[in-house]
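Structure below is start.tsv: TSV, C-alpha atoms.
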chain	number	residue	atom	x	y	z
A	1250	MET	CA	-6.20	2.35	47.42
A	1251	THR	CA	-2.73	2.85	45.98
A	1252	ALA	CA	-3.28	0.21	43.29
A	1253	SER	CA	-6.65	1.75	42.41
A	1254	LEU	CA	-5.10	5.21	42.17
A	1255	SER	CA	-2.31	3.84	39.95
A	1256	ARG	CA	-4.87	2.31	37.58
A	1257	VAL	CA	-6.76	5.60	37.40
A	1258	LEU	CA	-3.57	7.54	36.64
A	1259	LEU	CA	-2.48	4.98	34.05
A	1260	THR	CA	-5.89	5.16	32.36
A	1261	ALA	CA	-5.79	8.96	32.37
A	1262	VAL	CA	-2.28	9.05	30.88
A	1263	ALA	CA	-3.17	6.45	28.24
A	1264	THR	CA	-6.34	8.36	27.32
A	1265	LEU	CA	-4.44	11.63	27.05
A	1266	LEU	CA	-1.69	10.15	24.89
A	1267	GLY	CA	-4.24	8.37	22.70
A	1268	SER	CA	-6.24	11.55	22.26
A	1269	LEU	CA	-3.12	13.52	21.32
A	1270	LEU	CA	-2.15	10.84	18.79
A	1271	VAL	CA	-5.60	10.84	17.17
A	1272	LEU	CA	-5.57	14.64	17.09
A	1273	SER	CA	-2.14	14.69	15.45
A	1274	LEU	CA	-3.41	12.29	12.76
A	1275	VAL	CA	-6.70	14.07	12.08
A	1276	LEU	CA	-5.67	17.71	12.50
A	1277	PRO	CA	-3.48	18.08	9.36
A	1278	THR	CA	-6.03	16.60	6.94
A	1279	GLY	CA	-8.88	18.41	8.64
A	1280	THR	CA	-7.02	21.71	8.36
A	1281	LEU	CA	-6.27	20.96	4.71
A	1282	VAL	CA	-9.92	20.31	3.83
A	1283	ALA	CA	-11.07	23.36	5.80
A	1284	GLY	CA	-8.44	25.52	4.10
A	1285	ALA	CA	-9.60	24.46	0.67
A	1286	GLY	CA	-13.26	25.09	1.48
A	1287	LEU	CA	-16.27	23.72	-0.36
A	1288	ALA	CA	-15.75	26.07	-3.28
A	1289	GLY	CA	-12.13	25.01	-3.66
A	1290	ILE	CA	-12.96	21.30	-3.50
A	1291	ALA	CA	-15.78	21.74	-6.02
A	1292	GLY	CA	-13.40	23.62	-8.28
A	1293	ALA	CA	-10.85	20.80	-8.00
A	1294	PHE	CA	-13.42	18.22	-9.07
A	1295	ALA	CA	-14.24	20.45	-12.04
A	1296	ASP	CA	-10.55	20.62	-13.00
A	1297	ARG	CA	-9.88	18.05	-15.71
A	1298	GLU	CA	-6.18	17.83	-14.87
A	1299	VAL	CA	-6.97	17.06	-11.23
A	1300	LEU	CA	-9.49	14.37	-12.15
A	1301	GLN	CA	-7.04	12.77	-14.56
A	1302	ALA	CA	-4.30	12.77	-11.92
A	1303	ILE	CA	-6.57	11.23	-9.27
A	1304	GLY	CA	-7.89	8.64	-11.73
A	1305	LEU	CA	-4.37	7.71	-12.87
A	1306	THR	CA	-3.23	7.44	-9.26
A	1307	MET	CA	-6.01	5.06	-8.26
A	1308	LEU	CA	-5.76	2.99	-11.43
A	1309	CYS	CA	-2.00	2.50	-11.09
A	1310	ALA	CA	-2.29	1.78	-7.34
A	1311	THR	CA	-4.96	-0.83	-8.05
A	1312	LEU	CA	-2.85	-2.50	-10.75
A	1313	ALA	CA	0.19	-2.53	-8.46
A	1314	THR	CA	-1.90	-4.07	-5.65
A	1315	VAL	CA	-3.32	-6.76	-7.94
A	1316	LEU	CA	0.18	-7.68	-9.09
A	1317	ALA	CA	1.37	-7.78	-5.48
A	1318	VAL	CA	-1.51	-10.05	-4.47
A	1319	LEU	CA	-0.90	-12.47	-7.35
A	1320	GLY	CA	2.83	-12.67	-6.77
A	1321	GLY	CA	2.96	-11.95	-3.07
A	1322	ILE	CA	0.65	-14.61	-1.65
A	1323	PRO	CA	2.94	-17.50	-2.70
A	1324	VAL	CA	5.92	-15.63	-1.21
A	1325	ALA	CA	3.98	-14.89	1.99
A	1326	TYR	CA	2.97	-18.56	2.28
A	1327	LEU	CA	6.56	-19.68	1.75
A	1328	LEU	CA	7.79	-17.36	4.51
A	1329	ALA	CA	5.00	-18.36	6.88
A	1330	ARG	CA	5.02	-22.12	6.41
A	1331	VAL	CA	8.24	-23.42	4.85
A	1332	PRO	CA	11.43	-23.34	6.94
A	1333	PHE	CA	14.54	-22.86	4.80
A	1334	ARG	CA	18.04	-21.52	5.12
A	1335	GLY	CA	18.34	-17.84	4.46
A	1336	ARG	CA	14.73	-16.99	5.30
A	1337	ALA	CA	15.86	-14.11	7.54
A	1338	LEU	CA	17.94	-12.75	4.65
A	1339	VAL	CA	14.98	-12.99	2.26
A	1340	GLU	CA	12.74	-11.15	4.73
A	1341	ALA	CA	15.39	-8.46	5.21
A	1342	LEU	CA	15.66	-7.97	1.44
A	1343	LEU	CA	11.88	-7.70	1.15
A	1344	GLU	CA	11.81	-5.07	3.89
A	1345	LEU	CA	14.64	-3.08	2.32
A	1346	PRO	CA	12.38	-0.72	0.29
A	1347	LEU	CA	10.69	0.30	3.55
A	1348	VAL	CA	13.90	1.78	4.95
A	1349	ILE	CA	15.56	3.18	1.81
A	1350	PRO	CA	14.55	6.77	0.92
A	1351	HIS	CA	12.08	6.52	-1.93
A	1352	PRO	CA	13.86	8.99	-4.23
A	1353	VAL	CA	16.84	6.65	-3.99
A	1354	ILE	CA	14.58	3.77	-5.03
A	1355	GLY	CA	13.48	5.88	-8.00
A	1356	MET	CA	17.12	6.38	-8.99
A	1357	ALA	CA	17.73	2.63	-8.65
A	1358	LEU	CA	14.75	1.96	-10.91
A	1359	LEU	CA	16.20	4.33	-13.51
A	1360	LEU	CA	19.47	2.42	-13.44
A	1361	ALA	CA	17.80	-1.00	-13.56
A	1362	MET	CA	14.93	-0.28	-15.97
A	1363	GLY	CA	15.71	3.03	-17.69
A	1364	ARG	CA	16.17	3.45	-21.41
A	1365	GLU	CA	19.90	2.72	-21.21
A	1366	SER	CA	19.45	-0.49	-19.19
A	1367	ALA	CA	19.09	-4.08	-20.39
A	1368	VAL	CA	15.42	-4.10	-19.32
A	1369	GLY	CA	14.80	-0.85	-21.19
A	1370	ALA	CA	16.39	-2.32	-24.30
A	1371	LEU	CA	14.05	-5.33	-24.10
A	1372	LEU	CA	10.95	-3.16	-23.64
A	1373	ALA	CA	11.76	-0.63	-26.37
A	1374	PRO	CA	11.02	-2.90	-29.39
A	1375	VAL	CA	7.47	-3.54	-28.12
A	1376	GLY	CA	6.86	0.16	-27.47
A	1377	LEU	CA	7.10	0.05	-23.67
A	1378	SER	CA	9.11	2.27	-21.37
A	1379	VAL	CA	9.37	2.54	-17.62
A	1380	VAL	CA	10.44	6.20	-17.78
A	1381	ASN	CA	7.63	8.76	-18.09
A	1382	SER	CA	4.85	6.21	-18.54
A	1383	PRO	CA	2.03	4.63	-16.53
A	1384	LEU	CA	4.13	1.45	-16.46
A	1385	GLY	CA	6.81	3.32	-14.52
A	1386	ILE	CA	4.21	4.54	-12.03
A	1387	VAL	CA	2.97	1.00	-11.44
A	1388	VAL	CA	6.50	-0.35	-11.05
A	1389	ALA	CA	7.46	2.40	-8.58
A	1390	MET	CA	4.29	1.85	-6.54
A	1391	LEU	CA	4.85	-1.90	-6.57
A	1392	VAL	CA	8.46	-1.73	-5.41
A	1393	VAL	CA	7.84	0.64	-2.50
A	1394	SER	CA	4.49	-0.80	-1.36
A	1395	ALA	CA	4.52	-4.56	-2.04
A	1396	PRO	CA	6.60	-5.33	1.10
A	1397	LEU	CA	3.69	-4.08	3.21
A	1398	PHE	CA	1.37	-6.59	1.56
A	1399	ILE	CA	3.78	-9.52	1.73
A	1400	LEU	CA	4.59	-8.97	5.40
A	1401	GLY	CA	0.94	-8.52	6.33
A	1402	ALA	CA	-0.16	-11.58	4.36
A	1403	ARG	CA	2.65	-13.62	5.91
A	1404	GLU	CA	1.42	-12.82	9.41
A	1405	SER	CA	-2.18	-13.66	8.48
A	1406	ILE	CA	-1.23	-17.01	7.00
A	1407	ALA	CA	1.02	-17.82	9.97
A	1408	ARG	CA	-1.95	-17.34	12.32
A	1409	VAL	CA	-3.90	-20.11	10.57
A	1410	ASP	CA	-3.33	-23.45	12.30
A	1411	ALA	CA	-1.16	-25.58	9.99
A	1412	ARG	CA	-2.92	-28.69	11.30
A	1413	LEU	CA	-6.04	-27.68	9.41
A	1414	GLU	CA	-4.13	-27.99	6.15
A	1415	ALA	CA	-2.89	-31.40	7.24
A	1416	VAL	CA	-6.45	-32.53	7.92
A	1417	ALA	CA	-7.55	-31.34	4.48
A	1418	ARG	CA	-4.72	-33.30	2.89
A	1419	THR	CA	-5.68	-36.47	4.73
A	1420	LEU	CA	-9.17	-36.03	3.25
A	1421	GLY	CA	-7.81	-36.06	-0.29
A	1422	ASP	CA	-6.73	-32.50	-1.08
A	1423	ASP	CA	-3.29	-31.86	-2.45
A	1424	ARG	CA	-1.24	-29.03	-0.98
A	1425	VAL	CA	-2.43	-26.37	-3.42
A	1426	MET	CA	-6.07	-27.35	-2.93
A	1427	ALA	CA	-5.68	-27.31	0.86
A	1428	ILE	CA	-4.20	-23.84	0.71
A	1429	ARG	CA	-6.97	-22.60	-1.56
A	1430	ARG	CA	-9.83	-24.17	0.39
A	1431	VAL	CA	-8.57	-23.86	3.97
A	1432	THR	CA	-5.68	-21.45	4.55
A	1433	LEU	CA	-6.59	-18.56	2.27
A	1434	PRO	CA	-10.26	-18.33	3.35
A	1435	LEU	CA	-9.22	-18.30	7.01
A	1436	ALA	CA	-6.53	-15.69	6.34
A	1437	ARG	CA	-8.80	-13.65	4.07
A	1438	ASN	CA	-9.44	-10.69	6.35
A	1439	GLY	CA	-5.77	-10.25	7.12
A	1440	ILE	CA	-4.90	-10.45	3.43
A	1441	VAL	CA	-7.59	-7.85	2.63
A	1442	ASN	CA	-6.15	-5.59	5.33
A	1443	ALA	CA	-2.65	-6.03	3.92
A	1444	GLY	CA	-3.89	-5.25	0.41
A	1445	THR	CA	-5.75	-2.19	1.66
A	1446	THR	CA	-2.65	-0.92	3.42
A	1447	MET	CA	-0.57	-1.44	0.30
A	1448	TRP	CA	-3.13	0.32	-1.92
A	1449	ALA	CA	-3.29	3.28	0.45
A	1450	ARG	CA	0.50	3.51	0.56
A	1451	ALA	CA	0.74	3.26	-3.23
A	1452	THR	CA	-1.72	6.12	-3.79
A	1453	SER	CA	0.37	8.39	-1.58
A	1454	GLU	CA	3.72	7.53	-3.18
A	1455	PHE	CA	5.74	10.49	-4.43
A	1456	GLY	CA	9.50	10.10	-4.03
A	1457	ALA	CA	10.08	7.16	-6.39
A	1458	ILE	CA	7.44	8.26	-8.91
A	1459	VAL	CA	8.71	11.81	-9.31
A	1460	ILE	CA	12.15	10.43	-10.27
A	1461	VAL	CA	10.89	7.77	-12.69
A	1462	THR	CA	7.75	9.36	-14.12
A	1463	TYR	CA	7.14	13.09	-13.85
A	1464	HIS	CA	4.69	12.90	-16.76
A	1465	PRO	CA	1.96	11.71	-16.78
A	1466	ARG	CA	1.44	13.14	-13.32
A	1467	VAL	CA	-0.22	11.31	-10.46
A	1468	ALA	CA	-1.98	13.30	-7.74
A	1469	SER	CA	1.08	13.62	-5.50
A	1470	VAL	CA	3.29	14.88	-8.34
A	1471	LEU	CA	0.57	17.28	-9.53
A	1472	ALA	CA	0.25	18.70	-6.02
A	1473	TYR	CA	4.03	19.15	-5.80
A	1474	ASP	CA	4.15	20.77	-9.23
A	1475	ARG	CA	1.44	23.27	-8.33
A	1476	TYR	CA	3.07	24.00	-4.98
A	1477	VAL	CA	6.41	24.78	-6.64
A	1478	THR	CA	4.78	26.81	-9.41
A	1479	TYR	CA	1.95	28.66	-7.69
A	1480	GLY	CA	2.44	28.28	-3.93
A	1481	LEU	CA	0.73	26.53	-1.03
A	1482	ARG	CA	-2.79	27.89	-1.53
A	1483	SER	CA	-3.01	26.42	-5.03
A	1484	VAL	CA	-2.31	22.91	-3.69
A	1485	LEU	CA	-5.13	22.83	-1.15
A	1486	PRO	CA	-8.03	22.03	-3.53
A	1487	VAL	CA	-6.05	19.22	-5.19
A	1488	ALA	CA	-5.03	17.67	-1.89
A	1489	ALA	CA	-8.50	18.11	-0.38
A	1490	ALA	CA	-10.11	16.41	-3.38
A	1491	LEU	CA	-7.83	13.42	-2.92
A	1492	VAL	CA	-8.60	13.35	0.81
A	1493	CYS	CA	-12.31	13.27	-0.03
A	1494	VAL	CA	-12.00	10.45	-2.60
A	1495	ALA	CA	-9.54	8.06	-0.95
A	1496	PRO	CA	-11.52	7.31	2.26
A	1497	GLY	CA	-14.54	6.25	0.21
A	1498	VAL	CA	-12.47	3.71	-1.71
A	1499	LEU	CA	-10.85	2.44	1.49
A	1500	LEU	CA	-14.28	2.08	3.09
A	1501	MET	CA	-15.56	-0.02	0.20
A	1502	ILE	CA	-12.52	-2.28	0.45
A	1503	ARG	CA	-13.01	-2.65	4.20
A	1504	MET	CA	-16.64	-3.61	3.64
A	1505	ALA	CA	-15.42	-6.56	1.57
A	1506	ARG	CA	-14.20	-8.18	4.78
A	1507	ARG	CA	-16.21	-11.02	6.22
A	1508	PRO	CA	-17.19	-10.96	9.89
A	1509	GLU	CA	-14.67	-12.67	12.13
A	1510	ARG	CA	-15.76	-16.04	13.46
A	1511	ALA	CA	-14.60	-17.72	16.61
Starting from the file, give its structure as C-alpha cells.
Amino acid sequence: MTASLSRVLLTAVATLLGSLLVLSLVLPTGTLVAGAGLAGIAGAFADREVLQAIGLTMLCATLATVLAVLGGIPVAYLLARVPFRGRALVEALLELPLVIPHPVIGMALLLAMGRESAVGALLAPVGLSVVNSPLGIVVAMLVVSAPLFILGARESIARVDARLEAVARTLGDDRVMAIRRVTLPLARNGIVNAGTTMWARATSEFGAIVIVTYHPRVASVLAYDRYVTYGLRSVLPVAAALVCVAPGVLLMIRMARRPERA
C-alpha cells in the first residue's frame, strides 16, 4: 500500500511539474498572439518591412544551416568515431559559443571580420563586407547556432553501430562510401532534428546580429527597433507574425523525417 501510494504521489507531482513547464512555454507566445489580435497580425503581414525582415531572417537561417550541415557532418563524424588526443578540448571549443553572451560574440566577429580586420581587407576588393550585410547575418547565425547542429549530429552518428560500417567495408565499400550508404541514412532523423534545432535557434538570434548587422534588419532586430521607438504594443504584430510563420516551417522540416525502424 505504501509503495502504491508513493507511485501515485510521484505521478501526481511529475504531472503537475510537467503541466507547469508546458504552461510556462506556451503562455508567453499565446499571450503575445492574443495581444496582437487577428487585425494586428493581418496588418503585420501587409507591412512590407515586416515581410522583408521575416523573409531575410528565414533565408539567412537556411543558408547558415546548409553551411553547418555541409561542414558540420564531417566534424560530427570525427568526434563520434575517431579517437584522438585533444578531442575534449575540441568539443569544449565548439561549445564555447553556447556559453558566451551573444553580444560578446558579435563584438568578437567585428574584431575578427570587421572592415579594419585582415578578413575585412580580403573581402573588400570583391565587394563583400560582414558588417551591415546579409553575409554578416549568416556568419553571426552560423557561429552561435552551428554548435547545436554539430553536437546533435555527433550523438546521432555515435548511436549507429560502428560494426555496420565495418561490414560494408568488407563488402567492398571504402570508408566514405560506407559512411554515405550506411551511417548517414541510419543517423538521418537525428541529423534532421539537429538541423531543425539549429535553424530555429538561428531565426531567433538577436544579440550577435544587432552588433554586426543592424541594417538590413532581421525580424528580431526589427522588433527591438520598434519596441525602442514606439513601445511594446507596436512590437506585438511583428512578433505574432513570426510566431505564426515559424511553426509551419518547422512542421514541414519535421515531416521530412522517415519513420523510425526497429
Quick one: distance from CA of Leu1308 in chain A to CA of Thr1445 in chain A in Å, one decimal?
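Separating CA of Leu1308 in chain A from CA of Thr1445 in chain A is a distance of 14.1 Å.
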So, with only C-alpha atoms as the atoms that count, which of A:Leu1471, A:Gly1321, A:Asn1442, A:Val1380 lies closest to Leu1500 in chain A?
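Of all the options, A:Asn1442 lies closest to Leu1500 in chain A.
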From the list A:Ser1382, A:Glu1454, A:Val1353, A:Leu1435, which residue is nearest Val1470 in chain A when using only C-alpha atoms?
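Among A:Ser1382, A:Glu1454, A:Val1353, A:Leu1435, it is A:Glu1454 that comes nearest to Val1470 in chain A.
As for CA of Tyr1463 in chain A and CA of Ile1386 in chain A, they are spaced 9.2 Å apart.
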Excluding Leu1485 in chain A and its own-chain neighbours fewer than 3 positions away, which residues fall within 9 Å of it when counting all atoms listed in the file? Please give them as a list in words.
Leu1281, Val1282, Gly1284, Ala1285, Gly1286, Gly1289, Ile1290, Ala1472, Leu1481, Arg1482, Ala1488, Ala1489 and Ala1490 of chain A
What lies within 12 Å of Leu1328 in chain A using only C-alpha atoms, ignoring chain neighbours under 3 positions off, as a list in words?
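Listed by chain and then number, they are Gly1321, Ile1322, Pro1323, Val1324, Ala1325, Val1331, Pro1332, Phe1333, Arg1334, Gly1335, Arg1336, Ala1337, Leu1338, Val1339, Glu1340, Ala1341, Leu1343, Ile1399, Leu1400, Gly1401, Ala1402, Arg1403, Glu1404, Ser1405, Ile1406 and Ala1407 of chain A.
Minimum distance to Cys1309 in chain A across A:Tyr1473, A:Trp1448, A:Phe1455, A:Tyr1479 (counting all atoms listed in the file) occurs at A:Trp1448.
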Restricting the calculation to only C-alpha atoms: of A:Leu1377, A:Val1257, A:Val1416, A:Ala1395, which residue gets closest to Leu1319 in chain A?
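With only C-alpha atoms as the atom set, the closest residue is A:Ala1395.
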Using all atoms listed in the file, which protein or nucleic acid residues come within 12 Å of Val1494 in chain A? Drop anything in the same chain fewer than 6 positions from it, and give the result as a ChimeraX atom specification.
/A:1282,1290,1293-1294,1299-1300,1303-1304,1306-1307,1449,1452,1468,1487-1488,1500-1501
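A straight line drawn from CA of Ser1273 in chain A to CA of Ile1354 in chain A is 28.6 Å long.
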Residues within 12 Å of Arg1430 in chain A, all atoms listed in the file, excluding chain neighbours under 5 positions, as an MDAnalysis selection string
chainID A and resid 1413:1414 1416:1418 1422:1425 1435:1437
When you count all atoms listed in the file, which of these residues is closest to Thr1432 in chain A: A:Asp1474, A:Arg1330, A:Thr1280, A:Ala1288?
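Of all the options, A:Arg1330 lies closest to Thr1432 in chain A.
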Polymer residues at most 12 Å from Met1390 in chain A, all atoms listed in the file, same-chain spacing of 2 or more positions, as a PyMOL selection string:
chain A and resi 1306-1317+1346+1351+1354-1355+1358+1383-1388+1392-1397+1447-1459+1461-1462+1467
Dump as a compact mmCIF listing (two decimals), keeping the file's coordinate frame, selection limited to C-alpha atoms:
# COMPACT_ATOMS: atom_id res chain seq x y z
CA THR A 1306 -3.23 7.44 -9.26
CA MET A 1307 -6.01 5.06 -8.26
CA LEU A 1308 -5.76 2.99 -11.43
CA CYS A 1309 -2.00 2.50 -11.09
CA ALA A 1310 -2.29 1.78 -7.34
CA THR A 1311 -4.96 -0.83 -8.05
CA LEU A 1312 -2.85 -2.50 -10.75
CA ALA A 1313 0.19 -2.53 -8.46
CA THR A 1314 -1.90 -4.07 -5.65
CA VAL A 1315 -3.32 -6.76 -7.94
CA LEU A 1316 0.18 -7.68 -9.09
CA ALA A 1317 1.37 -7.78 -5.48
CA PRO A 1346 12.38 -0.72 0.29
CA HIS A 1351 12.08 6.52 -1.93
CA ILE A 1354 14.58 3.77 -5.03
CA GLY A 1355 13.48 5.88 -8.00
CA LEU A 1358 14.75 1.96 -10.91
CA PRO A 1383 2.03 4.63 -16.53
CA LEU A 1384 4.13 1.45 -16.46
CA GLY A 1385 6.81 3.32 -14.52
CA ILE A 1386 4.21 4.54 -12.03
CA VAL A 1387 2.97 1.00 -11.44
CA VAL A 1388 6.50 -0.35 -11.05
CA VAL A 1392 8.46 -1.73 -5.41
CA VAL A 1393 7.84 0.64 -2.50
CA SER A 1394 4.49 -0.80 -1.36
CA ALA A 1395 4.52 -4.56 -2.04
CA PRO A 1396 6.60 -5.33 1.10
CA LEU A 1397 3.69 -4.08 3.21
CA MET A 1447 -0.57 -1.44 0.30
CA TRP A 1448 -3.13 0.32 -1.92
CA ALA A 1449 -3.29 3.28 0.45
CA ARG A 1450 0.50 3.51 0.56
CA ALA A 1451 0.74 3.26 -3.23
CA THR A 1452 -1.72 6.12 -3.79
CA SER A 1453 0.37 8.39 -1.58
CA GLU A 1454 3.72 7.53 -3.18
CA PHE A 1455 5.74 10.49 -4.43
CA GLY A 1456 9.50 10.10 -4.03
CA ALA A 1457 10.08 7.16 -6.39
CA ILE A 1458 7.44 8.26 -8.91
CA VAL A 1459 8.71 11.81 -9.31
CA VAL A 1461 10.89 7.77 -12.69
CA THR A 1462 7.75 9.36 -14.12
CA VAL A 1467 -0.22 11.31 -10.46
Restricting the calculation to all atoms listed in the file, which member of A:Ala1443, A:Ile1460, A:Leu1499, A:Val1262 is positioned closest to Leu1359 in chain A?
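Among the listed residues, the smallest separation from Leu1359 in chain A belongs to A:Ile1460.
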Would you mind putting back N, CA and C atoms on range 1373-1388 of chain A, then writing it out as a PDB file, in the frame of the given file?
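Contents of the output file part04.pdb:
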ATOM      1  N   ALA A1373      11.856  -1.604 -25.289  1.00  0.00           N
ATOM      2  CA  ALA A1373      11.760  -0.630 -26.370  1.00  0.00           C
ATOM      3  C   ALA A1373      11.175  -1.193 -27.662  1.00  0.00           C
ATOM      4  N   PRO A1374      11.580  -2.392 -28.129  1.00  0.00           N
ATOM      5  CA  PRO A1374      11.020  -2.900 -29.390  1.00  0.00           C
ATOM      6  C   PRO A1374       9.512  -3.119 -29.372  1.00  0.00           C
ATOM      7  N   VAL A1375       8.927  -3.332 -28.199  1.00  0.00           N
ATOM      8  CA  VAL A1375       7.470  -3.540 -28.120  1.00  0.00           C
ATOM      9  C   VAL A1375       6.750  -2.246 -27.716  1.00  0.00           C
ATOM     10  N   GLY A1376       7.476  -1.135 -27.729  1.00  0.00           N
ATOM     11  CA  GLY A1376       6.860   0.160 -27.470  1.00  0.00           C
ATOM     12  C   GLY A1376       6.597   0.469 -26.017  1.00  0.00           C
ATOM     13  N   LEU A1377       7.295  -0.188 -25.096  1.00  0.00           N
ATOM     14  CA  LEU A1377       7.100   0.050 -23.670  1.00  0.00           C
ATOM     15  C   LEU A1377       8.310   0.760 -23.085  1.00  0.00           C
ATOM     16  N   SER A1378       8.048   1.559 -22.064  1.00  0.00           N
ATOM     17  CA  SER A1378       9.110   2.270 -21.370  1.00  0.00           C
ATOM     18  C   SER A1378       8.699   2.475 -19.920  1.00  0.00           C
ATOM     19  N   VAL A1379       9.643   2.305 -19.030  1.00  0.00           N
ATOM     20  CA  VAL A1379       9.370   2.540 -17.620  1.00  0.00           C
ATOM     21  C   VAL A1379       9.436   4.026 -17.303  1.00  0.00           C
ATOM     22  N   VAL A1380      10.250   4.759 -18.032  1.00  0.00           N
ATOM     23  CA  VAL A1380      10.440   6.200 -17.780  1.00  0.00           C
ATOM     24  C   VAL A1380       9.293   6.983 -18.415  1.00  0.00           C
ATOM     25  N   ASN A1381       8.701   7.876 -17.614  1.00  0.00           N
ATOM     26  CA  ASN A1381       7.630   8.760 -18.090  1.00  0.00           C
ATOM     27  C   ASN A1381       6.499   7.987 -18.759  1.00  0.00           C
ATOM     28  N   SER A1382       5.967   7.002 -18.033  1.00  0.00           N
ATOM     29  CA  SER A1382       4.850   6.210 -18.540  1.00  0.00           C
ATOM     30  C   SER A1382       4.056   5.648 -17.373  1.00  0.00           C
ATOM     31  N   PRO A1383       2.800   5.284 -17.594  1.00  0.00           N
ATOM     32  CA  PRO A1383       2.030   4.630 -16.530  1.00  0.00           C
ATOM     33  C   PRO A1383       2.701   3.352 -16.021  1.00  0.00           C
ATOM     34  N   LEU A1384       3.412   2.650 -16.900  1.00  0.00           N
ATOM     35  CA  LEU A1384       4.130   1.450 -16.460  1.00  0.00           C
ATOM     36  C   LEU A1384       5.150   1.798 -15.383  1.00  0.00           C
ATOM     37  N   GLY A1385       5.850   2.904 -15.535  1.00  0.00           N
ATOM     38  CA  GLY A1385       6.810   3.320 -14.520  1.00  0.00           C
ATOM     39  C   GLY A1385       6.153   3.649 -13.200  1.00  0.00           C
ATOM     40  N   ILE A1386       4.948   4.234 -13.266  1.00  0.00           N
ATOM     41  CA  ILE A1386       4.210   4.540 -12.030  1.00  0.00           C
ATOM     42  C   ILE A1386       3.857   3.254 -11.302  1.00  0.00           C
ATOM     43  N   VAL A1387       3.347   2.268 -12.049  1.00  0.00           N
ATOM     44  CA  VAL A1387       2.970   1.000 -11.440  1.00  0.00           C
ATOM     45  C   VAL A1387       4.181   0.298 -10.828  1.00  0.00           C
ATOM     46  N   VAL A1388       5.279   0.301 -11.549  1.00  0.00           N
ATOM     47  CA  VAL A1388       6.500  -0.350 -11.050  1.00  0.00           C
ATOM     48  C   VAL A1388       6.990   0.346  -9.773  1.00  0.00           C
TER      49      VAL A1388
END
